[in-house]
Amino acid sequence: MNAPEDHRQRTRYEEGGAPASRSRDRDEQGRARNARPRDGLGRPLPYGSAGVARQPEGVSRTPDESLAEAQRLLDAGMPFHAHEVLEDAWKAAPEAERELWRGLAQLAVGLTHAARGNATGGAALLGRGVAAITPYAEAAPYGIDVGGLSAWARGLIDRVAGAPEGGPAGPVPAAGAAPRLRG
């Protein structure tokens, strides 16, 4: 019978040329996580670098707390982290509100991409976010400014898509381009 294959990830070499293994970062439930430090836009930094503290996942907040924390993070130029807060709200929301929260999370990720200089990804996610929140425009809960957010997203789409002379759009300043979630 053959010996079982070793499926460990080989990322470095030990002395003598033998591959060394490096176990993957895992959370308490055993799901793969990347413990590399991140910058304010969620981009991975080299191990050992000073990064921005990550948002804890699965935090139970009221809708008002979620909106306040997401706004704080947006205002601080950390839309990736705001998306994490909005994603928790989306996962915990009643079925009738899930698309609203998903759309808000997509808007935050769209801003993340725009701030990273990814005009195509930013525009796509902003468009998806607008489509998801638009059905809530007439009776948006928790004071969410669906009309204002939709106008903001369309303006940002135009901004990143309208690079001068057809050249690439540069990154937008995350904090300077942050929306107001409530009217």
# chains A, B, ... in the order shown; residues from 1 in each chain; ligands from 1

$ select_by_dssp --residues "region 23-108 of chain A" --states "alpha helix (DSSP H)" --output "PyMOL selection string"
chain A and resi 63-75+79-92+98-108

$ write_last_selection --atoms "C-alpha atoms" --output "PDB file, in the first residue's frame"
ATOM      1  CA  PRO A  63     -28.727  48.171  12.957  1.00  0.00           C
ATOM      2  CA  ASP A  64     -28.023  51.609  14.462  1.00  0.00           C
ATOM      3  CA  GLU A  65     -24.714  50.378  15.919  1.00  0.00           C
ATOM      4  CA  SER A  66     -23.762  48.797  12.589  1.00  0.00           C
ATOM      5  CA  LEU A  67     -24.480  52.009  10.697  1.00  0.00           C
ATOM      6  CA  ALA A  68     -22.593  54.143  13.221  1.00  0.00           C
ATOM      7  CA  GLU A  69     -19.528  51.858  13.174  1.00  0.00           C
ATOM      8  CA  ALA A  70     -19.547  51.570   9.386  1.00  0.00           C
ATOM      9  CA  GLN A  71     -19.794  55.373   9.076  1.00  0.00           C
ATOM     10  CA  ARG A  72     -16.898  55.820  11.500  1.00  0.00           C
ATOM     11  CA  LEU A  73     -14.758  53.475   9.417  1.00  0.00           C
ATOM     12  CA  LEU A  74     -15.769  55.119   6.135  1.00  0.00           C
ATOM     13  CA  ASP A  75     -14.927  58.552   7.541  1.00  0.00           C
ATOM     14  CA  PRO A  79     -14.089  51.236   3.540  1.00  0.00           C
ATOM     15  CA  PHE A  80     -12.859  47.619   3.493  1.00  0.00           C
ATOM     16  CA  HIS A  81     -13.312  47.477   7.250  1.00  0.00           C
ATOM     17  CA  ALA A  82     -16.722  49.185   6.971  1.00  0.00           C
ATOM     18  CA  HIS A  83     -17.721  46.449   4.536  1.00  0.00           C
ATOM     19  CA  GLU A  84     -16.895  43.846   7.207  1.00  0.00           C
ATOM     20  CA  VAL A  85     -19.290  45.551   9.644  1.00  0.00           C
ATOM     21  CA  LEU A  86     -22.014  45.813   6.983  1.00  0.00           C
ATOM     22  CA  GLU A  87     -21.493  42.181   6.011  1.00  0.00           C
ATOM     23  CA  ASP A  88     -22.129  41.109   9.611  1.00  0.00           C
ATOM     24  CA  ALA A  89     -25.342  43.162   9.565  1.00  0.00           C
ATOM     25  CA  TRP A  90     -26.345  41.575   6.244  1.00  0.00           C
ATOM     26  CA  LYS A  91     -25.845  38.058   7.609  1.00  0.00           C
ATOM     27  CA  ALA A  92     -27.849  38.836  10.753  1.00  0.00           C
ATOM     28  CA  ARG A  98     -30.832  41.386   3.614  1.00  0.00           C
ATOM     29  CA  GLU A  99     -30.540  42.926   0.154  1.00  0.00           C
ATOM     30  CA  LEU A 100     -30.337  46.401   1.671  1.00  0.00           C
ATOM     31  CA  TRP A 101     -27.424  45.414   3.913  1.00  0.00           C
ATOM     32  CA  ARG A 102     -25.766  43.463   1.122  1.00  0.00           C
ATOM     33  CA  GLY A 103     -26.039  46.520  -1.107  1.00  0.00           C
ATOM     34  CA  LEU A 104     -24.495  48.739   1.577  1.00  0.00           C
ATOM     35  CA  ALA A 105     -21.600  46.276   1.918  1.00  0.00           C
ATOM     36  CA  GLN A 106     -21.153  46.308  -1.871  1.00  0.00           C
ATOM     37  CA  LEU A 107     -21.007  50.110  -1.867  1.00  0.00           C
ATOM     38  CA  ALA A 108     -18.222  49.968   0.732  1.00  0.00           C
TER      39      ALA A 108
END

$ residues_around --residues "Gly148 (chain A)" --least-positions-apart "3" --cutoff "8 Å" --atoms "only C-alpha atoms" --output "ChimeraX atom specification"
/A:145,151-152,180,183

$ write_last_selection --atoms "C-alpha atoms" --output "CSV table (one decimal), in the first residue's frame"
chain,number,residue,atom,x,y,z
A,145,ASP,CA,-30.3,57.7,2.8
A,151,ALA,CA,-26.5,59.6,-6.2
A,152,TRP,CA,-23.1,59.3,-4.5
A,180,ARG,CA,-23.0,59.5,4.3
A,183,GLY,CA,-29.5,61.6,5.7

$ atom_distance --atom1 "CA of Ala115 (chain A)" --atom2 "CA of Ala93 (chain A)"
27.8 Å

$ atom_distance --atom1 "CA of Val160 (chain A)" --atom2 "CA of Val172 (chain A)"
7.9 Å

$ residues_around --residues "Ala53 (chain A)" --least-positions-apart "4" --cutoff "9 Å" --atoms "only C-alpha atoms" --output "PyMOL selection string"
chain A and resi 37-40
